>>> print(open('query06.txt').read())   # compact mmCIF, C-alpha atoms
# COMPACT_ATOMS: atom_id res chain seq x y z
CA MET A 1 -9.82 73.15 48.66
CA SER A 2 -11.09 73.86 52.15
CA ALA A 3 -9.44 76.88 53.79
CA PHE A 4 -8.91 74.84 56.99
CA VAL A 5 -6.49 72.49 55.23
CA LEU A 6 -4.37 75.50 54.31
CA ILE A 7 -4.08 76.92 57.86
CA PRO A 8 -0.98 74.95 59.02
CA ARG A 9 1.03 75.79 55.92
CA ASN A 10 0.02 79.43 55.98
CA VAL A 11 1.13 79.72 59.63
CA CYS A 12 4.50 78.22 58.66
CA ILE A 13 4.68 80.57 55.68
CA ALA A 14 4.07 83.60 57.93
CA ILE A 15 6.97 82.56 60.20
CA LEU A 16 9.27 81.94 57.21
CA VAL A 17 8.37 85.24 55.53
CA ALA A 18 9.13 87.08 58.79
CA TYR A 19 12.43 85.21 59.09
CA ARG A 20 13.35 86.03 55.49
CA THR A 21 12.74 89.75 55.94
CA VAL A 22 14.26 90.21 59.42
CA VAL A 23 16.88 87.53 60.13
CA SER A 24 18.17 86.40 56.70
CA PRO A 25 19.61 89.79 55.67
CA LEU A 26 21.70 89.85 58.86
CA TYR A 27 24.26 87.48 57.42
CA GLY A 28 23.66 88.05 53.73
CA ASP A 29 23.84 85.56 50.86
CA VAL A 30 25.53 82.46 52.18
CA CYS A 31 23.61 79.58 50.63
CA ARG A 32 25.49 77.31 48.25
CA TYR A 33 22.30 76.43 46.40
CA TYR A 34 19.71 78.21 44.32
CA PRO A 35 17.07 78.75 45.61
CA SER A 36 18.45 79.42 49.09
CA CYS A 37 17.46 77.07 51.91
CA SER A 38 14.77 79.38 53.29
CA SER A 39 13.36 80.04 49.83
CA TYR A 40 13.39 76.29 49.10
CA THR A 41 11.57 75.55 52.36
CA LEU A 42 9.04 78.31 51.66
CA GLN A 43 8.27 76.89 48.23
CA ALA A 44 8.16 73.33 49.60
CA ILE A 45 5.66 74.32 52.29
CA GLN A 46 3.58 76.27 49.78
CA GLN A 47 3.40 73.40 47.32
CA HIS A 48 3.64 70.28 49.50
CA GLY A 49 2.10 71.43 52.79
CA ALA A 50 3.50 72.01 56.28
CA VAL A 51 4.60 68.48 57.20
CA ARG A 52 6.28 67.43 53.94
CA GLY A 53 7.57 70.96 53.39
CA ILE A 54 9.33 71.12 56.76
CA TRP A 55 10.78 67.65 56.16
CA MET A 56 12.11 68.69 52.73
CA GLY A 57 13.48 71.95 54.15
CA ALA A 58 15.25 70.15 57.00
CA ARG A 59 16.87 67.72 54.56
CA ARG A 60 17.96 70.62 52.39
CA ILE A 61 19.60 72.44 55.33
CA ILE A 62 21.50 69.23 56.14
CA ARG A 63 22.53 69.01 52.46
CA CYS A 64 23.87 72.58 52.50
CA HIS A 65 27.36 72.48 54.06
CA PRO A 66 30.81 73.79 53.06
CA TRP A 67 31.68 70.53 51.29
CA ALA A 68 28.53 70.40 49.17
CA ALA A 69 28.89 71.22 45.48
CA GLY A 70 25.90 73.57 45.49
CA GLY A 71 24.18 74.62 42.28
CA VAL A 72 20.55 74.69 41.28
CA ASP A 73 18.33 72.54 43.49
CA ASP A 74 14.58 72.99 43.05
CA ILE A 75 11.78 71.43 45.07
CA PRO A 76 10.26 68.18 43.78
CA SER A 77 7.36 69.07 41.50
CA PRO A 78 4.05 68.79 43.36
CA ARG A 79 1.10 66.72 42.19
CA ARG A 80 -0.93 69.88 41.86
CA THR A 81 0.39 73.37 41.84
CA MET A 82 -0.93 75.77 44.48
CA THR A 83 -1.58 79.43 43.78
CA THR A 84 0.08 81.94 46.05
CA THR A 85 -0.66 85.56 46.89
CA ARG A 86 1.89 88.33 46.45
CA LEU A 87 3.13 87.86 50.03
CA GLY A 88 3.54 84.12 49.56
CA PHE A 89 0.42 82.78 51.28
CA VAL A 90 -1.39 79.87 49.65
CA SER A 91 -4.91 80.68 48.52
CA GLY A 92 -5.86 77.39 46.89
CA ALA A 93 -5.09 74.84 44.18
CA ALA A 94 -4.41 76.17 40.73
CA MET B 95 10.39 66.34 73.02
CA PRO B 96 12.69 67.81 75.72
CA ASP B 97 14.27 64.37 76.08
CA ILE B 98 15.31 64.33 72.42
CA VAL B 99 16.81 67.81 72.77
CA GLY B 100 18.54 66.77 75.99
CA LEU B 101 19.95 63.67 74.33
CA LEU B 102 21.28 65.73 71.41
CA MET B 103 22.76 68.32 73.75
CA TRP B 104 24.44 65.75 76.02
CA PRO B 105 27.68 65.30 73.98
CA ILE B 106 27.99 69.05 73.41
CA LYS B 107 27.55 69.72 77.13
CA TRP B 108 30.04 66.99 77.99
CA VAL B 109 32.72 68.52 75.74
CA LEU B 110 31.99 72.04 77.00
CA GLU B 111 32.28 70.90 80.62
CA ALA B 112 35.52 69.04 79.86
CA ILE B 113 37.08 72.17 78.33
CA LEU B 114 35.79 74.44 81.12
CA ALA B 115 36.96 72.13 83.91
CA GLY B 116 40.26 71.54 82.10
CA ALA B 117 40.95 75.26 81.74
CA HIS B 118 39.95 75.80 85.36
CA TRP B 119 42.31 73.03 86.49
CA VAL B 120 45.21 74.48 84.47
CA LEU B 121 44.66 77.96 85.90
CA GLU B 122 44.42 76.54 89.42
CA SER B 123 47.67 74.62 88.89
CA LEU B 124 49.30 77.88 87.82
CA GLY B 125 48.60 79.15 91.33
CA MET B 126 45.40 81.13 90.85
CA ASP B 127 42.62 81.11 93.40
CA PRO B 128 40.02 78.54 92.17
CA PHE B 129 37.21 80.48 93.84
CA SER B 130 37.99 83.81 92.18
CA GLY B 131 35.79 85.20 89.41
CA LEU B 132 38.83 85.95 87.27
CA VAL B 133 39.68 82.24 86.97
CA TRP B 134 36.16 81.52 85.75
CA VAL B 135 36.22 84.40 83.29
CA LEU B 136 39.55 83.13 81.93
CA SER B 137 38.18 79.56 81.78
CA ILE B 138 35.22 80.75 79.72
CA ALA B 139 37.57 82.80 77.53
CA SER B 140 39.70 79.69 76.89
CA LEU B 141 36.57 77.75 76.05
CA THR B 142 35.72 80.39 73.43
CA LEU B 143 39.22 80.26 72.01
CA VAL B 144 39.13 76.46 71.76
CA VAL B 145 35.73 76.46 70.05
CA ARG B 146 36.61 79.23 67.61
CA THR B 147 40.04 77.79 66.83
CA ALA B 148 38.40 74.47 66.02
CA MET B 149 36.27 76.36 63.49
CA ILE B 150 39.18 78.05 61.68
CA PRO B 151 39.45 75.26 59.04
CA LEU B 152 35.88 76.07 57.97
CA THR B 153 36.80 79.72 57.43
CA VAL B 154 40.05 78.94 55.64
CA ARG B 155 38.28 76.49 53.35
CA GLN B 156 35.81 79.17 52.46
CA ILE B 157 38.53 81.70 51.63
CA HIS B 158 40.28 79.24 49.34
CA SER B 159 36.96 78.43 47.75
CA SER B 160 36.29 82.09 46.95
CA ARG B 161 39.84 82.38 45.60
CA LYS B 162 39.10 79.50 43.27
CA ALA B 163 35.87 81.20 42.26
CA LEU B 164 38.04 83.83 40.58
CA GLU B 165 38.81 81.27 37.85
CA VAL B 166 35.13 81.23 36.92
CA ALA B 167 35.04 85.05 36.89
CA PRO B 168 35.00 85.39 33.08
CA GLU B 169 32.02 83.07 32.82
CA ILE B 170 30.18 84.86 35.65
CA LYS B 171 30.91 88.16 33.95
CA LYS B 172 29.38 86.79 30.75
CA ILE B 173 26.20 85.84 32.61
CA GLN B 174 26.03 89.25 34.26
CA ASP B 175 26.45 91.00 30.91
CA LYS B 176 23.65 88.90 29.51
CA TYR B 177 21.27 90.17 32.20
CA ARG B 178 22.66 93.71 32.47
CA GLY B 179 19.94 96.27 33.09
CA LYS B 180 17.25 93.64 33.53
CA LYS B 181 15.89 94.30 37.00
CA ASP B 182 12.67 92.26 36.85
CA GLN B 183 12.26 89.28 39.15
CA PHE B 184 12.39 86.60 36.44
CA SER B 185 15.63 87.86 34.91
CA ARG B 186 17.24 88.09 38.34
CA GLU B 187 16.15 84.54 39.14
CA ALA B 188 17.42 83.23 35.82
CA MET B 189 20.72 85.02 36.38
CA GLN B 190 21.16 83.53 39.85
CA ARG B 191 20.32 80.09 38.50
CA GLU B 192 22.94 80.31 35.77
CA THR B 193 25.53 81.74 38.16
CA MET B 194 25.04 78.92 40.65
CA GLU B 195 25.20 76.31 37.89
CA ALA B 196 28.46 77.84 36.60
CA TYR B 197 29.97 77.63 40.08
CA ARG B 198 28.85 74.03 40.48
CA LYS B 199 30.35 73.04 37.11
CA ALA B 200 33.65 74.67 38.06
CA GLY B 201 33.66 72.73 41.33
CA THR B 202 33.79 75.86 43.45
CA ASN B 203 31.39 78.03 45.39
CA PRO B 204 32.01 81.42 47.00
CA PHE B 205 29.26 80.92 49.58
CA ALA B 206 29.91 79.50 53.02
CA SER B 207 26.51 77.87 53.65
CA CYS B 208 24.90 78.57 57.00
CA LEU B 209 26.62 75.68 58.80
CA PRO B 210 29.36 77.83 60.42
CA LEU B 211 26.60 79.95 61.93
CA LEU B 212 24.23 77.10 62.80
CA ILE B 213 26.98 75.16 64.56
CA GLN B 214 27.52 77.98 67.05
CA MET B 215 23.92 78.02 68.27
CA PRO B 216 23.86 74.63 70.04
CA ILE B 217 27.27 75.46 71.49
CA PHE B 218 26.03 78.72 73.00
CA PHE B 219 22.80 77.08 74.13
CA GLY B 220 24.84 74.26 75.69
CA LEU B 221 27.03 76.73 77.55
CA VAL B 222 23.97 78.55 78.91
CA THR B 223 22.50 75.27 80.23
CA VAL B 224 25.83 74.12 81.69
CA LEU B 225 26.28 77.42 83.55
CA THR B 226 22.65 77.52 84.67
CA GLU B 227 22.98 74.02 86.13
CA ALA B 228 26.23 74.98 87.86
CA ASN B 229 24.48 78.04 89.22
CA ARG B 230 21.93 75.85 90.96
CA GLY B 231 24.82 73.93 92.51
CA ASN B 232 23.96 70.79 90.52
CA ALA B 233 26.58 68.55 88.97
CA GLY B 234 26.73 68.59 85.18
CA VAL B 235 26.83 65.63 82.78
CA GLY B 236 30.59 65.08 83.03
CA PHE B 237 33.49 67.00 84.50
CA MET B 238 31.39 69.75 86.07
CA VAL B 239 31.16 68.07 89.48
CA THR B 240 29.30 69.56 92.45
CA SER B 241 32.42 71.07 94.02
CA LEU B 242 33.23 72.90 90.78
CA ALA B 243 29.62 74.01 90.41
CA ASP B 244 29.74 75.44 93.94
CA GLN B 245 32.94 77.28 93.12
CA PHE B 246 31.29 78.76 90.04
CA ARG B 247 28.20 79.75 92.01
CA ALA B 248 30.34 81.66 94.47
CA ALA B 249 32.61 83.19 91.80
CA SER B 250 32.63 86.94 91.78
CA LEU B 251 34.87 89.06 89.56
CA PHE B 252 37.20 91.12 91.80
CA ASP B 253 34.81 90.21 94.67
CA LEU B 254 32.41 92.83 93.28
CA VAL B 255 30.60 91.35 90.29
CA PRO B 256 28.92 87.94 90.79
CA LEU B 257 29.20 86.11 87.48
CA ASN B 258 25.86 84.37 87.80
CA MET B 259 23.90 87.63 87.74
CA THR B 260 22.20 89.13 84.70
CA MET B 261 21.71 92.81 83.97
CA GLN B 262 18.13 92.33 85.15
CA HIS B 263 19.36 91.05 88.55
CA GLY B 264 21.70 94.02 88.74
CA PHE B 265 18.83 96.47 88.37
CA GLU B 266 16.52 94.51 90.69
CA GLN B 267 19.07 94.35 93.48
CA GLY B 268 20.56 97.77 92.81
CA ASN B 269 23.98 96.19 92.34
CA VAL B 270 25.90 99.03 90.67
CA PRO B 271 29.08 97.07 89.75
CA VAL B 272 26.95 94.43 87.99
CA ILE B 273 25.04 97.10 86.06
CA ILE B 274 28.26 98.86 85.07
CA THR B 275 29.93 95.60 83.94
CA ALA B 276 26.87 94.48 81.96
CA VAL B 277 26.47 97.86 80.26
CA LEU B 278 30.19 98.08 79.51
CA MET B 279 30.21 94.57 78.01
CA THR B 280 27.17 95.32 75.89
CA LEU B 281 28.82 98.48 74.59
CA ILE B 282 32.04 96.61 73.73
CA MET B 283 30.02 93.86 72.03
CA CYS B 284 28.00 96.37 70.02
CA ALA B 285 31.16 98.20 69.01
CA THR B 286 33.01 95.05 67.89
CA GLN B 287 29.98 93.64 66.06
CA PHE B 288 29.34 96.96 64.35
CA TYR B 289 32.98 97.42 63.38
CA THR B 290 33.33 93.86 62.03
CA GLN B 291 30.18 94.17 59.91
CA LEU B 292 31.22 97.57 58.64
CA GLN B 293 34.67 96.25 57.71
CA ILE B 294 33.19 93.32 55.79
CA MET B 295 30.58 95.44 54.05
CA SER B 296 32.64 98.48 53.15
CA LYS B 297 35.91 96.76 52.30
CA ASN B 298 35.54 93.08 51.54
CA GLN B 299 32.67 93.06 49.07
CA THR B 300 32.86 93.26 45.30
CA PRO B 301 30.87 95.88 43.35
CA GLN B 302 28.47 93.13 42.19
CA MET B 303 27.76 92.17 45.82
CA LYS B 304 27.05 95.82 46.61
CA GLU B 305 24.48 95.99 43.81
CA SER B 306 22.31 93.25 45.29
CA PRO B 307 19.18 94.27 47.23
CA MET B 308 20.40 92.06 50.08
CA TYR B 309 23.27 94.48 50.65
CA LYS B 310 20.97 97.45 51.26
CA GLN B 311 18.90 95.45 53.72
CA GLN B 312 22.10 94.40 55.45
CA ARG B 313 23.08 98.04 55.86
CA ILE B 314 19.80 98.89 57.61
CA LEU B 315 19.97 95.89 59.91
CA LEU B 316 23.48 96.84 60.93
CA TYR B 317 21.83 99.38 63.19
CA ILE B 318 19.34 96.91 64.67
CA ILE B 319 21.93 94.38 65.90
CA PRO B 320 22.84 96.45 69.02
CA VAL B 321 19.20 96.25 70.15
CA PHE B 322 19.30 92.45 70.00
CA LEU B 323 22.54 92.46 71.96
CA LEU B 324 21.03 94.66 74.66
CA ILE B 325 18.10 92.27 75.07
CA SER B 326 20.43 89.26 75.41
CA ALA B 327 22.58 91.16 77.92
CA TRP B 328 19.45 91.77 79.95
CA ALA B 329 18.49 88.09 80.09
CA PHE B 330 21.77 86.09 80.14
CA PRO B 331 24.22 85.80 83.08
CA LEU B 332 27.44 87.78 82.86
CA ALA B 333 29.44 84.53 82.57
CA THR B 334 27.76 83.66 79.25
CA MET B 335 28.21 87.25 78.08
CA PHE B 336 31.96 86.77 78.44
CA TYR B 337 31.74 83.89 75.96
CA TRP B 338 29.97 86.13 73.47
CA LEU B 339 32.37 89.00 74.04
CA VAL B 340 35.51 86.92 73.47
CA SER B 341 33.86 85.32 70.45
CA ASN B 342 33.12 88.76 69.00
CA LEU B 343 36.70 89.87 69.53
CA PHE B 344 37.90 86.66 67.88
CA THR B 345 35.71 87.34 64.84
CA LEU B 346 36.96 90.91 64.65
CA VAL B 347 40.64 89.93 64.69
CA GLN B 348 40.03 87.06 62.26
CA GLN B 349 38.17 89.36 59.89
CA LEU B 350 40.91 92.02 59.99
CA ILE B 351 43.51 89.36 59.16
CA ILE B 352 41.36 88.09 56.29
CA ILE B 353 40.83 91.60 54.90
CA ASN B 354 44.56 92.30 55.12
CA ARG B 355 45.95 89.03 53.88
CA LEU B 356 43.25 87.22 51.90
CA PRO B 357 40.73 89.80 50.69
CA ASN B 358 37.80 88.88 48.49
CA PRO B 359 39.01 89.15 44.89
CA GLY B 360 37.62 92.27 43.26
CA SER B 361 36.77 94.04 46.54
CA ASP B 362 38.14 97.36 47.77
CA ALA B 363 40.33 95.45 50.24
CA ALA B 364 41.90 93.48 47.39
CA LEU B 365 42.64 96.70 45.48
CA ALA B 366 44.11 98.25 48.63
CA ARG B 367 46.28 95.18 49.10
CA GLU B 368 47.55 95.33 45.54
CA ALA B 369 48.37 99.03 45.94
CA ARG B 370 50.11 98.28 49.23
CA LEU B 371 52.22 95.53 47.64
CA ALA B 372 53.06 97.79 44.70
CA ARG B 373 54.24 100.55 47.04
CA LYS B 374 56.29 98.05 48.99
CA ARG B 375 57.98 96.89 45.80
CA GLN B 376 58.78 100.49 44.90
CA ARG B 377 60.29 101.12 48.30
CA MET B 378 62.35 97.94 48.10
CA GLY B 379 64.24 99.48 45.19
CA LEU B 380 64.47 98.84 41.49
CA GLU B 381 64.28 95.08 41.23
CA PRO B 382 61.88 94.40 38.41
CA GLU B 383 62.63 90.68 38.24
CA GLU B 384 61.32 90.03 41.72
CA THR B 385 57.99 91.63 40.88
CA ASP B 386 57.34 89.01 38.23
CA ALA B 387 54.84 86.93 40.18
CA PRO B 388 52.59 89.79 41.36
CA ALA B 389 52.65 91.34 37.87
CA GLU B 390 51.45 88.06 36.42
CA GLU B 391 48.71 87.95 39.02
CA SER B 392 47.39 91.40 38.13
CA ALA B 393 47.77 90.97 34.36
CA PRO B 394 44.94 88.42 33.81
CA VAL B 395 42.51 90.76 35.57
CA ILE B 396 43.12 93.43 32.94
CA VAL B 397 42.88 90.88 30.15
CA ASN B 398 39.54 89.70 31.55
CA THR B 399 38.01 93.17 31.43
CA GLN B 400 39.25 93.64 27.89
CA ARG B 401 37.84 90.34 26.80
CA GLN B 402 34.31 91.54 27.48
CA GLN B 403 34.14 93.43 24.22
CA PRO B 404 34.87 90.57 21.80
CA LYS B 405 32.34 88.49 23.71
CA ARG B 406 29.66 91.14 23.31
CA LYS B 407 30.42 91.30 19.59
CA THR B 408 30.00 87.57 19.18
CA THR B 409 26.61 87.59 20.87
CA LYS B 410 25.57 90.46 18.62
CA SER B 411 26.73 88.64 15.48
CA GLN B 412 24.93 85.55 16.69
CA ARG B 413 21.78 87.61 17.04
CA GLU B 414 22.28 88.99 13.51
CA GLY B 415 22.87 85.47 12.20
CA GLY B 416 19.72 84.30 13.93
CA GLY B 417 17.79 87.24 12.46
CA LYS B 418 18.81 86.36 8.94
>>> encode(input="query06.txt", output="structure tokens")
Amino acid sequence: MSAFVLIPRNVCIAILVAYRTVVSPLYGDVCRYYPSCSSYTLQAIQQHGAVRGIWMGARRIIRCHPWAAGGVDDIPSPRRTMTTTRLGFVSGAA
Amino acid sequence: MPDIVGLLMWPIKWVLEAILAGAHWVLESLGMDPFSGLVWVLSIASLTLVVRTAMIPLTVRQIHSSRKALEVAPEIKKIQDKYRGKKDQFSREAMQRETMEAYRKAGTNPFASCLPLLIQMPIFFGLVTVLTEANRGNAGVGFMVTSLADQFRAASLFDLVPLNMTMQHGFEQGNVPVIITAVLMTLIMCATQFYTQLQIMSKNQTPQMKESPMYKQQRILLYIIPVFLLISAWAFPLATMFYWLVSNLFTLVQQLIIINRLPNPGSDAALAREARLARKRQRMGLEPEETDAPAEESAPVIVNTQRQQPKRKTTKSQREGGGK
């Protein structure tokens, strides 16, 4: 896969990784789902790309409220799985 | 894009203006000078109180939810025993998965979701825009009419500290009272934030919570929060800082009440509460019959810890059975 196609999602991933290391720990574990909303969005962007990933993440955040049952809620399985580096950046299709 | 944001913010701004103008009107009716800074500070304080009081049901719901989570405790304990000593990423993930599924099946969840936090952001952002508009002498979207906006623009606390100034303005114009007020408010905010966090972390968390890597990160960041506060004090007008300050104090008092009355089951605060109740019963005299209910409450906890052993034995025998 061309590296250019992966630029938007990797930019989003960089922002999310920064958020998850700096801002998330400020208020601790609060998510009613597993994986947490930010982790879900990160995986969604990695596997489905920036546009669909952000859309899925936004819907998940709306789903996560004090009246939700919570539980395990994984991302929809992608058509093809992407390989990620140790930091979470997408390097290409598996 | 700004139009969409503006459209979304409109109802929030309308409500904020209604509460601000309402509080201002009440204080004016009570005989206070509508042009004084104190009236505006009190109006903003009442706005904070209204907003935070409206959010109390969310907090209470969460406390009851974590109380109910105690019923699932034996099952959670079982899952934790299963993964005891396994620190690798996959085991941790599997453990969290099973824990969350157990909570969902029991119809309870000890986590608050980020909604209580998210909800406050548009409110604060709305307040900043409402006050900025008023500062320019413009009418707001609803009750914040031009005359009120002018009053706000001229408002100065004790005729010394103009409320529309930021710490930055204070330094630029060499306004010592503004600098002193801004610094003092930042210090109080840092102190309350720090104290609240420390109370939650040292007293209201269970040993399992303290084992998580998140907890250690939280401890480090506790010392970074004051820096963020200082930056916001630099950029936001004093009037908006008062909102934040009162909100912080509200959180602090609320948290102290929670720690005292409804501590997280299994935390140090819960143990302290049990000890406190036990001492109180002793002081009340020798009335063993009245202590029935609390004794029943503490008894299942002991039974739960004892039950671990038979459970371990069964898993072992299952393993032996599987081996044969």
>>> interface_residues(input="query06.txt", of="chain A", to="chain B", cutoff="6 Å", atoms="only C-alpha atoms", output="list in words")
Pro25, Leu26, Val30, Cys31, Arg32, His65, Pro66, Ala69, Gly70, Gly71 and Val72 of chain A
>>> closest_residue(input="query06.txt", among="B:Arg161, B:Cys284, B:Ala364, B:Tyr177", to="Phe322 in chain B", atoms="all atoms listed in the file")
B:Cys284
>>> atom_distance(input="query06.txt", atom1="CA of Met283 in chain B", atom2="CA of Leu339 in chain B")
5.8 Å
>>> atom_distance(input="query06.txt", atom1="CA of Arg63 in chain A", atom2="CA of Gly88 in chain A")
24.4 Å
>>> residues_around(input="query06.txt", residues="Phe219 in chain B", least_positions_apart="5", cutoff="12 Å", atoms="all atoms listed in the file", output="MDAnalysis selection string")
chainID B and resid 99:100 102:104 106:107 110 212:214 224:226 330 334 337:338
>>> atom_distance(input="query06.txt", atom1="CA of Tyr19 in chain A", atom2="CA of Phe218 in chain B")
20.5 Å
>>> closest_residue(input="query06.txt", among="A:Phe89, A:Ala68, A:Met56, A:Gln47", to="Leu16 in chain A", atoms="all atoms listed in the file")
A:Phe89
>>> closest_residue(input="query06.txt", among="B:Asp244, B:Gln376, B:Phe336, B:Thr290", to="Ala276 in chain B", atoms="all atoms listed in the file")
B:Phe336
>>> axis_aligned_box(input="query06.txt", around="range 68-86 of chain A", padding_each_side="3 Å", output="lines of an AutoDock Vina configuration file")
center_x = 13.7
center_y = 77.5
center_z = 45.2
size_x = 36.5
size_y = 27.6
size_z = 13.9
>>> residues_near_point(input="query06.txt", point="(30.9, 72.8, 77.7)", cutoff="12 Å", atoms="all atoms listed in the file", output="count of residues only")
42
>>> residues_around(input="query06.txt", residues="Gln43 in chain A", least_positions_apart="4", cutoff="8 Å", atoms="all atoms listed in the file", output="ChimeraX atom specification")
/A:39,47,53,75
>>> build_atoms(input="query06.txt", residues="range 105-119 of chain B", atoms="N, CA and C atoms", output="short mmCIF file (atom, residue, chain, number, x, y, z; two decimals), in the coordinates of the input")
data_model
loop_
_atom_site.label_atom_id
_atom_site.label_comp_id
_atom_site.auth_asym_id
_atom_site.auth_seq_id
_atom_site.Cartn_x
_atom_site.Cartn_y
_atom_site.Cartn_z
N PRO B 105 26.25 65.30 74.36
CA PRO B 105 27.68 65.30 73.98
C PRO B 105 28.27 66.71 73.93
N ILE B 106 27.48 67.67 73.48
CA ILE B 106 27.99 69.05 73.41
C ILE B 106 28.30 69.55 74.81
N LYS B 107 27.35 69.28 75.75
CA LYS B 107 27.55 69.72 77.13
C LYS B 107 28.76 69.04 77.75
N TRP B 108 28.92 67.74 77.42
CA TRP B 108 30.04 66.99 77.99
C TRP B 108 31.37 67.62 77.56
N VAL B 109 31.48 67.92 76.26
CA VAL B 109 32.72 68.52 75.74
C VAL B 109 32.94 69.90 76.36
N LEU B 110 31.87 70.70 76.43
CA LEU B 110 31.99 72.04 77.00
C LEU B 110 32.47 71.97 78.45
N GLU B 111 31.89 71.05 79.21
CA GLU B 111 32.28 70.90 80.62
C GLU B 111 33.73 70.45 80.73
N ALA B 112 34.14 69.53 79.84
CA ALA B 112 35.52 69.04 79.86
C ALA B 112 36.49 70.20 79.63
N ILE B 113 36.18 71.05 78.64
CA ILE B 113 37.08 72.17 78.33
C ILE B 113 37.09 73.17 79.48
N LEU B 114 35.89 73.48 80.01
CA LEU B 114 35.79 74.44 81.12
C LEU B 114 36.57 73.95 82.34
N ALA B 115 36.30 72.68 82.72
CA ALA B 115 36.96 72.13 83.91
C ALA B 115 38.46 72.02 83.68
N GLY B 116 38.84 71.65 82.44
CA GLY B 116 40.26 71.54 82.10
C GLY B 116 40.96 72.88 82.23
N ALA B 117 40.36 73.91 81.67
CA ALA B 117 40.95 75.26 81.74
C ALA B 117 41.03 75.71 83.19
N HIS B 118 39.98 75.42 83.95
CA HIS B 118 39.95 75.80 85.36
C HIS B 118 41.07 75.11 86.13
N TRP B 119 41.27 73.81 85.81
CA TRP B 119 42.31 73.03 86.49
C TRP B 119 43.69 73.59 86.17
#
